Each structure stands twice: as C-alpha cells, then as structure tokens.
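Here is structure-v1.cif, consisting of mmCIF, C-alpha atoms:
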```
data_final
loop_
_atom_site.label_atom_id
_atom_site.label_comp_id
_atom_site.auth_asym_id
_atom_site.auth_seq_id
_atom_site.Cartn_x
_atom_site.Cartn_y
_atom_site.Cartn_z
CA MET F 1 124.54 86.24 111.29
CA SER F 2 124.66 87.02 115.02
CA LYS F 3 120.90 86.42 115.33
CA PHE F 4 121.29 83.06 113.57
CA LEU F 5 124.11 81.99 115.92
CA ASN F 6 122.09 83.09 118.96
CA THR F 7 119.16 80.97 117.75
CA ILE F 8 121.41 77.90 117.30
CA ALA F 9 122.87 78.40 120.79
CA ALA F 10 119.41 78.67 122.33
CA CYS F 11 118.33 75.43 120.67
CA VAL F 12 121.43 73.62 121.91
CA ILE F 13 120.87 74.84 125.48
CA ALA F 14 117.18 73.89 125.39
CA THR F 15 118.04 70.41 124.07
CA ALA F 16 120.65 69.88 126.74
CA THR F 17 118.24 71.00 129.46
CA ALA F 18 115.44 68.75 128.15
CA THR F 19 117.67 65.67 128.06
CA ALA F 20 118.52 66.18 131.73
CA LEU F 21 114.85 65.92 132.68
CA PRO F 22 112.63 62.79 132.63
CA LEU F 23 111.11 62.19 129.21
CA THR F 24 107.46 61.38 128.60
CA ALA F 25 106.22 58.47 126.54
CA ALA F 26 105.46 60.82 123.63
CA PRO F 27 106.52 59.39 120.26
CA PHE F 28 108.96 62.22 119.62
CA GLY F 29 110.55 62.15 123.07
CA LEU F 30 109.92 65.86 123.65
CA GLY F 31 109.08 67.66 126.88
CA ARG F 32 109.12 66.30 130.42
CA ALA F 33 106.75 65.05 133.07
CA ALA F 34 104.77 67.83 134.75
CA LEU F 35 105.87 68.57 138.29
CA PRO F 36 103.31 68.22 141.11
CA GLU F 37 103.33 71.95 141.79
CA GLU F 38 102.71 72.66 138.11
CA ILE F 39 99.73 70.31 138.06
CA ALA F 40 98.39 71.91 141.25
CA ALA F 41 98.59 75.35 139.66
CA TRP F 42 96.21 74.24 136.89
CA ASP F 43 94.06 71.89 138.95
CA VAL F 44 91.81 74.60 140.43
CA ASP F 45 88.35 73.31 139.55
CA VAL F 46 85.81 73.20 142.38
CA MET F 47 83.24 70.40 142.53
CA PRO F 48 79.65 70.65 143.87
CA ASP F 49 80.62 68.57 146.91
CA GLY F 50 83.36 71.04 147.85
CA ARG F 51 86.34 69.18 146.45
CA GLY F 52 88.95 71.63 145.26
CA LEU F 53 87.90 74.52 147.49
CA PRO F 54 90.85 76.55 148.76
CA GLU F 55 91.28 77.64 152.34
CA GLY F 56 89.78 81.04 153.04
CA GLN F 57 86.65 83.01 153.83
CA GLY F 58 84.83 86.20 152.92
CA ASP F 59 81.83 88.09 154.28
CA VAL F 60 79.00 89.93 152.52
CA LEU F 61 80.09 93.47 153.39
CA THR F 62 83.66 92.85 152.23
CA GLY F 63 82.28 91.27 149.08
CA GLU F 64 80.10 94.32 148.43
CA ALA F 65 83.15 96.59 148.43
CA ILE F 66 85.14 94.28 146.16
CA PHE F 67 82.16 93.76 143.83
CA THR F 68 81.59 97.52 143.57
CA GLU F 69 85.24 98.07 142.68
CA LYS F 70 85.88 95.17 140.32
CA CYS F 71 82.53 93.86 139.05
CA ALA F 72 79.88 96.57 139.21
CA ALA F 73 80.97 98.32 136.01
CA CYS F 74 79.50 95.38 134.08
CA HIS F 75 77.09 93.69 136.47
CA GLY F 76 75.77 96.67 138.48
CA ASP F 77 76.36 97.31 142.16
CA PHE F 78 73.47 95.01 143.11
CA ALA F 79 74.40 92.37 140.51
CA GLU F 80 71.37 93.49 138.49
CA GLY F 81 73.31 93.59 135.20
CA ARG F 82 74.06 96.49 132.90
CA GLY F 83 73.54 96.73 129.17
CA ASN F 84 74.43 93.44 127.55
CA TRP F 85 76.25 92.22 130.66
CA PRO F 86 74.16 89.61 132.47
CA ALA F 87 72.32 89.99 135.74
CA LEU F 88 73.64 87.80 138.55
CA ALA F 89 70.73 88.41 140.92
CA GLY F 90 66.96 88.28 140.66
CA GLY F 91 64.82 86.25 138.31
CA GLN F 92 63.31 83.98 140.93
CA ASP F 93 60.08 82.32 139.80
CA THR F 94 60.68 83.29 136.14
CA LEU F 95 62.10 80.05 134.72
CA ALA F 96 58.67 78.98 133.45
CA ASP F 97 58.11 82.34 131.73
CA ALA F 98 58.49 82.93 128.02
CA ASP F 99 61.53 85.12 128.76
CA PRO F 100 63.12 83.69 131.94
CA VAL F 101 65.73 85.64 133.87
CA LYS F 102 68.55 83.17 134.47
CA THR F 103 70.82 84.29 137.29
CA VAL F 104 72.99 82.68 139.94
CA GLY F 105 70.03 82.74 142.31
CA SER F 106 67.28 81.64 139.93
CA TYR F 107 69.01 79.14 137.64
CA TRP F 108 72.43 77.86 138.66
CA PRO F 109 72.13 74.55 140.54
CA HIS F 110 75.49 74.52 142.36
CA LEU F 111 77.35 77.29 144.18
CA SER F 112 80.64 75.72 143.09
CA THR F 113 79.93 76.87 139.52
CA SER F 114 79.93 80.51 140.66
CA PHE F 115 83.09 80.13 142.71
CA ASP F 116 84.93 78.24 139.98
CA TYR F 117 83.99 80.66 137.20
CA ILE F 118 84.77 83.81 139.17
CA ARG F 119 88.07 82.40 140.34
CA ARG F 120 89.16 81.43 136.82
CA SER F 121 87.71 84.19 134.65
CA MET F 122 87.00 87.35 136.62
CA PRO F 123 87.44 90.28 136.76
CA TYR F 124 87.00 90.74 133.03
CA GLY F 125 90.35 91.53 131.48
CA ASP F 126 92.21 90.74 134.69
CA ALA F 127 91.34 87.09 135.25
CA GLY F 128 93.10 85.09 137.92
CA THR F 129 94.08 88.06 140.08
CA LEU F 130 91.51 87.52 142.85
CA THR F 131 92.66 85.90 146.08
CA ALA F 132 90.70 83.01 147.57
CA ASP F 133 89.33 85.31 150.28
CA GLU F 134 88.17 87.82 147.65
CA VAL F 135 86.38 85.10 145.69
CA TYR F 136 84.64 83.87 148.83
CA ALA F 137 83.55 87.45 149.61
CA ILE F 138 82.24 88.14 146.10
CA VAL F 139 80.26 84.89 146.06
CA ALA F 140 78.85 85.75 149.50
CA TYR F 141 77.70 89.12 148.18
CA ILE F 142 76.07 87.52 145.14
CA LEU F 143 74.22 85.15 147.48
CA TYR F 144 73.09 88.14 149.53
CA SER F 145 71.94 89.96 146.39
CA ASN F 146 69.74 86.94 145.67
CA ASP F 147 68.26 86.98 149.21
CA LEU F 148 69.85 83.61 149.95
CA VAL F 149 71.94 84.69 152.96
CA ALA F 150 71.80 87.43 155.59
CA GLU F 151 73.93 90.58 155.56
CA GLU F 152 76.09 89.21 158.38
CA PHE F 153 76.90 85.98 156.48
CA THR F 154 80.50 84.81 156.01
CA LEU F 155 81.23 82.16 153.36
CA SER F 156 84.10 79.76 153.90
CA LYS F 157 85.34 76.32 152.93
CA ASP F 158 83.68 74.93 156.05
CA ASN F 159 80.10 76.07 155.30
CA PHE F 160 80.26 76.21 151.50
CA THR F 161 78.35 72.97 150.86
CA ALA F 162 75.66 73.95 153.38
CA VAL F 163 74.39 76.63 150.97
CA GLN F 164 71.57 75.11 148.94
CA MET F 165 70.77 76.74 145.61
CA PRO F 166 67.03 77.15 144.81
CA ASN F 167 67.23 75.40 141.42
CA VAL F 168 69.35 72.42 142.49
CA ALA F 169 66.47 70.07 141.66
CA GLY F 170 65.87 71.68 138.28
CA PHE F 171 68.52 69.66 136.47
CA LEU F 172 68.62 65.99 135.54
CA ARG F 173 71.66 63.86 134.88
CA ASP F 174 72.14 63.25 131.16
CA ASP F 175 71.62 59.50 130.82
CA ARG F 176 70.75 59.46 127.13
CA ASN F 177 73.84 57.44 126.33
CA THR F 178 72.37 54.46 128.19
CA THR F 179 68.62 55.07 127.86
CA GLU F 180 68.21 56.37 124.31
CA VAL F 181 71.28 55.70 122.20
CA PRO F 182 70.87 51.91 122.21
CA GLY F 183 67.46 52.33 120.59
CA TRP F 184 69.02 54.29 117.75
CA GLN F 185 71.70 51.72 117.05
CA VAL F 186 69.39 49.09 115.55
CA ALA F 187 70.51 48.29 112.03
CA PRO F 188 68.09 49.99 109.61
CA CYS F 189 66.09 47.96 107.14
CA MET F 190 67.30 48.71 103.63
CA GLU F 191 65.23 46.31 101.46
CA ASP F 192 62.21 44.01 101.61
CA CYS F 193 61.15 45.63 104.89
CA LYS F 194 57.46 44.87 104.26
CA GLU F 195 55.78 42.22 102.22
CA SER F 196 53.73 44.81 100.35
CA VAL F 197 53.06 48.55 100.28
CA LYS F 198 49.54 49.83 99.76
CA VAL F 199 48.31 53.43 99.54
CA THR F 200 45.29 53.60 101.82
CA MET F 201 44.36 57.29 101.59
CA ARG F 202 45.31 60.44 99.78
CA ALA F 203 45.93 63.91 101.15
CA LEU F 204 42.87 65.47 99.52
CA SER F 205 40.53 63.08 101.33
CA LEU F 206 42.26 63.88 104.64
CA ASP F 207 41.35 67.56 104.31
CA VAL F 208 44.83 68.63 105.28
CA THR F 209 44.85 71.50 102.79
CA PRO F 210 42.83 74.56 103.90
CA LYS F 211 40.11 75.52 101.46
CA ASP F 212 39.95 79.15 102.55
CA ALA F 213 42.63 81.61 101.59
CA ALA F 214 45.10 82.45 104.29
CA PRO F 215 44.68 85.88 105.92
CA ALA F 216 46.76 88.68 104.44
CA THR F 217 48.46 89.38 107.76
CA VAL F 218 49.24 87.14 110.67
CA PRO F 219 48.10 88.66 113.95
CA GLN F 220 50.94 89.25 116.38
CA GLU F 221 50.85 87.63 119.79
CA THR F 222 50.45 90.03 122.66
CA PRO F 223 53.52 89.81 124.92
CA VAL F 224 52.77 88.47 128.36
CA ALA F 225 53.55 91.11 130.97
CA ASP F 226 55.89 90.17 133.78
CA VAL F 227 53.63 91.86 136.29
CA GLU F 228 49.92 92.42 136.56
CA PRO F 229 48.99 96.07 135.91
CA ALA F 230 46.61 97.99 138.09
CA SER F 231 42.92 97.85 137.29
CA GLU F 232 42.83 101.57 136.49
CA PRO F 233 45.24 102.36 133.64
CA ALA F 234 47.00 105.71 133.41
CA ALA F 235 45.57 108.39 131.20
CA ASP F 236 48.44 108.06 128.72
CA PRO F 237 48.89 104.41 127.56
CA ALA F 238 51.96 105.36 125.52
CA LEU F 239 53.66 106.77 128.62
CA LEU F 240 52.83 103.60 130.56
CA ALA F 241 54.30 101.47 127.79
CA ASP F 242 57.51 103.52 127.85
CA GLY F 243 57.63 103.19 131.63
CA GLU F 244 57.29 99.42 131.42
CA LEU F 245 60.30 99.30 129.11
CA VAL F 246 62.35 101.50 131.43
CA PHE F 247 61.37 99.36 134.43
CA ARG F 248 63.23 96.43 132.86
CA LYS F 249 66.36 98.07 134.27
CA CYS F 250 64.86 97.67 137.74
CA LYS F 251 63.31 94.18 137.53
CA ALA F 252 66.39 92.34 138.76
CA CYS F 253 65.91 93.96 142.19
CA HIS F 254 62.29 95.18 142.36
CA GLN F 255 58.93 93.58 141.64
CA LEU F 256 55.44 94.93 140.99
CA GLY F 257 52.00 93.38 140.97
CA LYS F 258 49.87 91.15 143.18
CA ARG F 259 52.51 88.41 143.45
CA ALA F 260 55.43 90.77 144.00
CA LYS F 261 58.00 89.86 146.66
CA ASN F 262 60.92 91.65 148.22
CA ARG F 263 64.17 90.80 146.48
CA ALA F 264 67.42 92.75 146.51
CA GLY F 265 65.12 95.77 146.60
CA PRO F 266 61.67 96.20 148.13
CA VAL F 267 58.30 95.71 146.43
CA LEU F 268 57.32 98.98 144.74
CA ASN F 269 53.51 98.70 144.80
CA GLY F 270 52.12 102.01 146.03
CA ILE F 271 55.55 103.64 146.20
CA VAL F 272 54.39 106.94 144.68
CA GLY F 273 53.18 109.11 147.55
CA ALA F 274 54.24 106.63 150.24
CA PRO F 275 56.60 107.30 153.16
CA ALA F 276 60.11 105.98 152.64
CA GLY F 277 61.06 102.71 154.33
CA GLY F 278 57.51 101.44 154.66
CA VAL F 279 57.65 98.04 152.98
CA GLU F 280 57.14 95.34 155.58
CA GLY F 281 59.84 92.70 155.88
CA PHE F 282 62.51 94.54 153.86
CA LYS F 283 65.82 95.44 155.50
CA TYR F 284 66.60 98.99 154.38
CA SER F 285 69.96 100.69 154.56
CA ARG F 286 70.77 102.91 157.48
CA ALA F 287 70.93 105.90 155.11
CA LEU F 288 67.38 105.37 153.89
CA MET F 289 66.00 104.77 157.38
CA ALA F 290 67.61 108.00 158.57
CA GLN F 291 65.81 109.95 155.84
CA ALA F 292 62.60 108.04 156.53
CA GLU F 293 62.77 109.18 160.15
CA ASP F 294 63.21 112.73 158.86
CA GLY F 295 59.91 112.38 157.00
CA LEU F 296 60.96 111.52 153.44
CA ILE F 297 57.94 110.91 151.19
CA TRP F 298 58.31 109.36 147.74
CA THR F 299 56.49 112.07 145.84
CA PRO F 300 56.98 112.33 142.06
CA GLN F 301 59.45 115.14 142.81
CA THR F 302 61.60 113.17 145.27
CA LEU F 303 61.45 110.09 143.05
CA ASP F 304 62.58 112.24 140.13
CA ALA F 305 65.62 113.46 142.07
CA PHE F 306 66.42 110.00 143.45
CA LEU F 307 66.15 108.17 140.12
CA ALA F 308 68.37 110.75 138.42
CA ALA F 309 71.26 110.23 140.88
CA PRO F 310 70.55 107.82 143.77
CA ARG F 311 73.92 108.20 145.47
CA SER F 312 73.88 111.99 145.27
CA PHE F 313 70.32 112.13 146.60
CA MET F 314 71.02 109.69 149.46
CA LYS F 315 74.60 109.30 150.66
CA GLY F 316 75.21 105.71 151.76
CA THR F 317 72.30 104.14 149.88
CA LYS F 318 72.65 100.43 149.11
CA MET F 319 71.06 101.01 145.69
CA GLY F 320 73.94 100.68 143.26
CA PHE F 321 72.08 101.81 140.15
CA SER F 322 73.82 104.86 138.74
CA GLY F 323 70.57 106.55 137.76
CA LEU F 324 68.40 107.31 134.74
CA LYS F 325 69.97 109.99 132.59
CA SER F 326 66.88 110.89 130.57
CA ASP F 327 64.08 113.06 131.97
CA ALA F 328 61.69 111.24 129.65
CA GLU F 329 62.68 107.87 131.12
CA ILE F 330 62.22 109.15 134.67
CA LYS F 331 58.80 110.59 133.88
CA ALA F 332 57.71 107.37 132.20
CA VAL F 333 58.86 105.03 134.96
CA ILE F 334 57.24 107.18 137.67
CA ALA F 335 53.96 107.04 135.73
CA TYR F 336 54.34 103.26 135.44
CA LEU F 337 55.04 102.91 139.16
CA ASN F 338 52.01 105.06 139.91
CA SER F 339 49.81 102.56 138.06
CA PHE F 340 50.49 99.96 140.76
CA PRO F 341 48.69 101.03 143.93
CA ALA F 342 49.38 99.57 147.33
CA PRO F 343 47.45 96.34 148.02
#
```
Encoded form (structure tokens):
Amino acid sequence: MSKFLNTIAACVIATATATALPLTAAPFGLGRAALPEEIAAWDVDVMPDGRGLPEGQGDVLTGEAIFTEKCAACHGDFAEGRGNWPALAGGQDTLADADPVKTVGSYWPHLSTSFDYIRRSMPYGDAGTLTADEVYAIVAYILYSNDLVAEEFTLSKDNFTAVQMPNVAGFLRDDRNTTEVPGWQVAPCMEDCKESVKVTMRALSLDVTPKDAAPATVPQETPVADVEPASEPAADPALLADGELVFRKCKACHQLGKRAKNRAGPVLNGIVGAPAGGVEGFKYSRALMAQAEDGLIWTPQTLDAFLAAPRSFMKGTKMGFSGLKSDAEIKAVIAYLNSFPAP
C-alpha cells in the first residue's frame, strides 16, 4: 500500500510542476517548451562550412597520445584498423579498385563528418566524454595519419575549414527529386495504349539460346592484386600467397610495387637487406633514426624480431602495430617483402 501511495504522490507532484511551466501546443497538453540551454545541449552537429564548431584546438602529438589511449584498441595506433574495426587512414587511390579502402583520408568528403561523429559517438562505450580540445587533437592525428597535415599541425575552429579533403569532389548533390522523379510520375497507360500489337520475331530466330552445352564448371576470376609483384617470383608460391594475405594488415600504412608511395609508413620496396631509414622523403621517428645511425640493417633476422614486437625491439617507434604473433606469418610476410626489390 505504501508503494501505491508513493506513486500517487509522485504523480500529483509531477502534475503540479508541469502546470507551472509553459505548455506546448501538443493535443494532450503534456510537457513544456524546451529551454534554450537544453536545445543547445543537443544541437551539437557540425556543418561542412564550420557552423557548429566549438571553441578549442588540438595538435597532432597530443592527438596521438589520446588516440593511443582511447581509440587504438579498435583502430590501431596508426589508425590502420584492427580486426573488423575499420581503418581510418590509408586507402588513397583505391576508390576505383574492386575492393576500395574507404577511410577518412581516401573517401570522406568533409572533415566536419569526422569531428561530428567522434564528438557524438566515440570512444566506443564511453561516447560523449571527449572534450572539444580532445576531439580537435584526435582529428588532427587522423589527418596526420593520412599524410594530410604535418606533425607540427594544430587544428582549431579558426583553420578547420581550410583543411581540404582529397575526395571532396567525389560526391554529387542528390537532385533526383527534381531531375528524375517527375519523369516517373506520368500516369501509366492501362488500356488501348497502341492501335495494334504484332509479333515481329521469335526468340529462336534471334539465336538468344546457346546451342552448345554450358561448361560443367565456371572458371573463377583471378583476383586483381593491389600491388605489382616482382618479375622474379619466390621459390615457394604458397609462401608468397600467405605473405600477401598477412600484408593486408600492413596495407593501410605501407605500399609495395612500382606505383607505391609513402603513406603513414614508408614504401617497403627493397626493405629486406636495406639499411634502416633509407626511404627518401619519409619522416622517420627519432627512435628509428637513432638505430639507423648505429647501423641497423633490415635483415630477415632483424625484421623477424621487429615484426614480432615492434615496441620492444625499438623503444619510441611511431609504428603502433602490436606485432605478428605467429612465426609462420612473420616468415611469410618477410618472403613476400623480399619479392619486391628496390627500384
């Protein structure tokens, strides 16, 4: 009985409170008009032209630390993606491929989409806890991971719209409602649409039915490789094939082949047997350059140790990949890398 009385009392208090507030035009006269501060709390969307951006700023290095702590478990330290979690970096020049890599850098047309989504939905399971400065820093780091800004870059409300995304011209405004729909709204003809109907030809005379029996098996299409292999294949094709599969974990940051370019990581053509830090135009970490000056050579043995535990092998490396746990995977990917000589 006490619970019932408490419920009645709560309803009476709620009704009295509601009647003291301005009523909306709702048919049942319930609720009240939203206060400006309540609307502002929900009105957090950011538009491509910068409308809705909060005050604040964040730099790449700060964003790297925050990303490593709050985002890397799913997206990798270099935003390369892990498991079924999507990559946020890489994929440039792949949108025309059969299996394009759609990331913030390769696909998204507006930077505001990244800011808005991260601010609303991330970190996973703890959405809405990031400050404006933290969001700016994370977005700055994602831009850096896509080679769109320098390491010293600071993103803020003032320079946000100056960042041009590579695929901004890859989208068209949906105007089908005005260009196509009117053509579909013509009343269909339901009777007496033609004066007469005459059969002019039959299917057999068009030769549309094959005369020969269909083959017992349909040949499978050969997948198109993302990179061009070296002219001299390795002695073990099966090992190369395994290495190509393992290298998919690296493709978000590294490229191979004649058209390879430096991305979040350097081009890996000719890496096996090469001195560390030798790729022209790539900005290596201080940790790697220190070991390069000490004479580090990427032999199969040093690659084996590095790929097993990058951070243990090289303290302070910018490579966020946790490492390959299988000796078979390491052996296969080293063989695959070895099949791409230096140009």
Q: Pull out every residue that the PyMOL selection byres ((chain F and resi 314-316) around 9) matches in the shown coordinates and put them as a ChimeraX atom specification.
A: /F:285-288,291,306,309-313,317-319
Q.
I'd like the interatomic distance between atom CA of Phe321 of chain F and atom CA of Glu80 of chain F, to a tenth of an Å.
A.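 So the answer is 8.5 Å.
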Apply the PyMOL selection byres ((chain F and resi 60) around 9) to the displayed file and report the matching residues as a compact mmCIF listing (two decimals) with C-alpha atoms, keeping the file's coordinate frame.
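Output saved as out-v4.txt:
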```
# COMPACT_ATOMS: atom_id res chain seq x y z
CA GLY F 58 84.83 86.20 152.92
CA ASP F 59 81.83 88.09 154.28
CA LEU F 61 80.09 93.47 153.39
CA THR F 62 83.66 92.85 152.23
CA GLY F 63 82.28 91.27 149.08
CA GLU F 64 80.10 94.32 148.43
CA ALA F 65 83.15 96.59 148.43
CA ALA F 137 83.55 87.45 149.61
CA ILE F 138 82.24 88.14 146.10
CA VAL F 139 80.26 84.89 146.06
CA ALA F 140 78.85 85.75 149.50
CA TYR F 141 77.70 89.12 148.18
CA ILE F 142 76.07 87.52 145.14
CA LEU F 143 74.22 85.15 147.48
CA TYR F 144 73.09 88.14 149.53
CA VAL F 149 71.94 84.69 152.96
CA ALA F 150 71.80 87.43 155.59
CA GLU F 151 73.93 90.58 155.56
CA GLU F 152 76.09 89.21 158.38
CA PHE F 153 76.90 85.98 156.48
CA THR F 154 80.50 84.81 156.01
CA LEU F 155 81.23 82.16 153.36
```
Give as a PDB file with C-alpha atoms, keeping the file's coordinate frame the residues that the PyMOL selection byres ((chain F and resi 104) around 8) matches when applied to the coordinates above.
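Result file follows (selection_34.pdb):
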```pdb
ATOM      1  CA  LEU F  88      73.640  87.800 138.550  1.00  0.00           C
ATOM      2  CA  ALA F  89      70.730  88.410 140.920  1.00  0.00           C
ATOM      3  CA  LYS F 102      68.550  83.170 134.470  1.00  0.00           C
ATOM      4  CA  THR F 103      70.820  84.290 137.290  1.00  0.00           C
ATOM      5  CA  GLY F 105      70.030  82.740 142.310  1.00  0.00           C
ATOM      6  CA  SER F 106      67.280  81.640 139.930  1.00  0.00           C
ATOM      7  CA  TYR F 107      69.010  79.140 137.640  1.00  0.00           C
ATOM      8  CA  TRP F 108      72.430  77.860 138.660  1.00  0.00           C
ATOM      9  CA  SER F 114      79.930  80.510 140.660  1.00  0.00           C
ATOM     10  CA  ILE F 142      76.070  87.520 145.140  1.00  0.00           C
ATOM     11  CA  ASN F 146      69.740  86.940 145.670  1.00  0.00           C
TER      12      ASN F 146
END
```
Q.
Taking all atoms listed in the file into account, name the residue in F:Thr113, F:Gln92, F:Thr178, F:Thr68 that is nearest to Val46 of chain F.
A.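 Ranking F:Thr113, F:Gln92, F:Thr178, F:Thr68 by distance to Val46 of chain F, first place goes to F:Thr113.
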Q.
Given the point (61.1, 93.3, 141.2) in the file's coordinates, find the residues that have an atom at most 8 Å from it, counting all atoms listed in the file, and give them as a list in words.
A.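 Residues with an atom at most 8 Å from (61.1, 93.3, 141.2): Gly90, Cys250, Lys251, Ala252, Cys253, His254, Gln255, Leu256, Ala260, Lys261, Asn262, Arg263, Gly265, Pro266, Val267 and Leu268 of chain F.
Residues of protein, DNA or RNA having at least one counted atom within 7 Å of (82.3, 73.7, 143.0), given all atoms listed in the file, are Asp45, Val46, Met47, Pro48, Asp49, Gly50, Arg51, His110, Leu111, Ser112, Thr113, Phe115 and Asp116 of chain F.
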Keeping only C-alpha atoms, write those residues as a PDB file, keeping the file's coordinate frame.
```
ATOM      1  CA  ASP F  45      88.350  73.310 139.550  1.00  0.00           C
ATOM      2  CA  VAL F  46      85.810  73.200 142.380  1.00  0.00           C
ATOM      3  CA  MET F  47      83.240  70.400 142.530  1.00  0.00           C
ATOM      4  CA  PRO F  48      79.650  70.650 143.870  1.00  0.00           C
ATOM      5  CA  ASP F  49      80.620  68.570 146.910  1.00  0.00           C
ATOM      6  CA  GLY F  50      83.360  71.040 147.850  1.00  0.00           C
ATOM      7  CA  ARG F  51      86.340  69.180 146.450  1.00  0.00           C
ATOM      8  CA  HIS F 110      75.490  74.520 142.360  1.00  0.00           C
ATOM      9  CA  LEU F 111      77.350  77.290 144.180  1.00  0.00           C
ATOM     10  CA  SER F 112      80.640  75.720 143.090  1.00  0.00           C
ATOM     11  CA  THR F 113      79.930  76.870 139.520  1.00  0.00           C
ATOM     12  CA  PHE F 115      83.090  80.130 142.710  1.00  0.00           C
ATOM     13  CA  ASP F 116      84.930  78.240 139.980  1.00  0.00           C
TER      14      ASP F 116
END
```
Q: Provide the atom CA of Leu303 of chain F to atom CA of Gly281 of chain F distance in Å, to one decimal place.
A: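 These atoms are spaced 21.7 Å apart.
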Q) In Å, how far is it from atom CA of Ala238 of chain F to atom CA of His75 of chain F? A)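 According to the coordinates, atom CA of Ala238 of chain F and atom CA of His75 of chain F are separated by 29.8 Å.
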Q. Taking into account all atoms listed in the file, which residue in the set F:Pro300, F:Asn269, F:Arg176, F:Ala332 is nearest to Asp236 of chain F?
A.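 Among the listed residues, F:Ala332 lies closest to Asp236 of chain F.
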Might I get the box with edges along x, y and z of the file that holds all atoms of segment 121-127 of chain F listed there, padded by 4 Å on every side, given as centre and edge lengths in Å to one decimal, as AutoDock Vina command-line options?
```
--center_x 89.6 --center_y 87.9 --center_z 134.1 --size_x 13.2 --size_y 15.3 --size_z 13.3
```
Q: Name the closest residue to Val272 of chain F among the candidates F:Glu244, F:Asp327, F:Glu38, F:Asp304; distances are taken between atoms, counting only C-alpha atoms.
A: F:Asp304
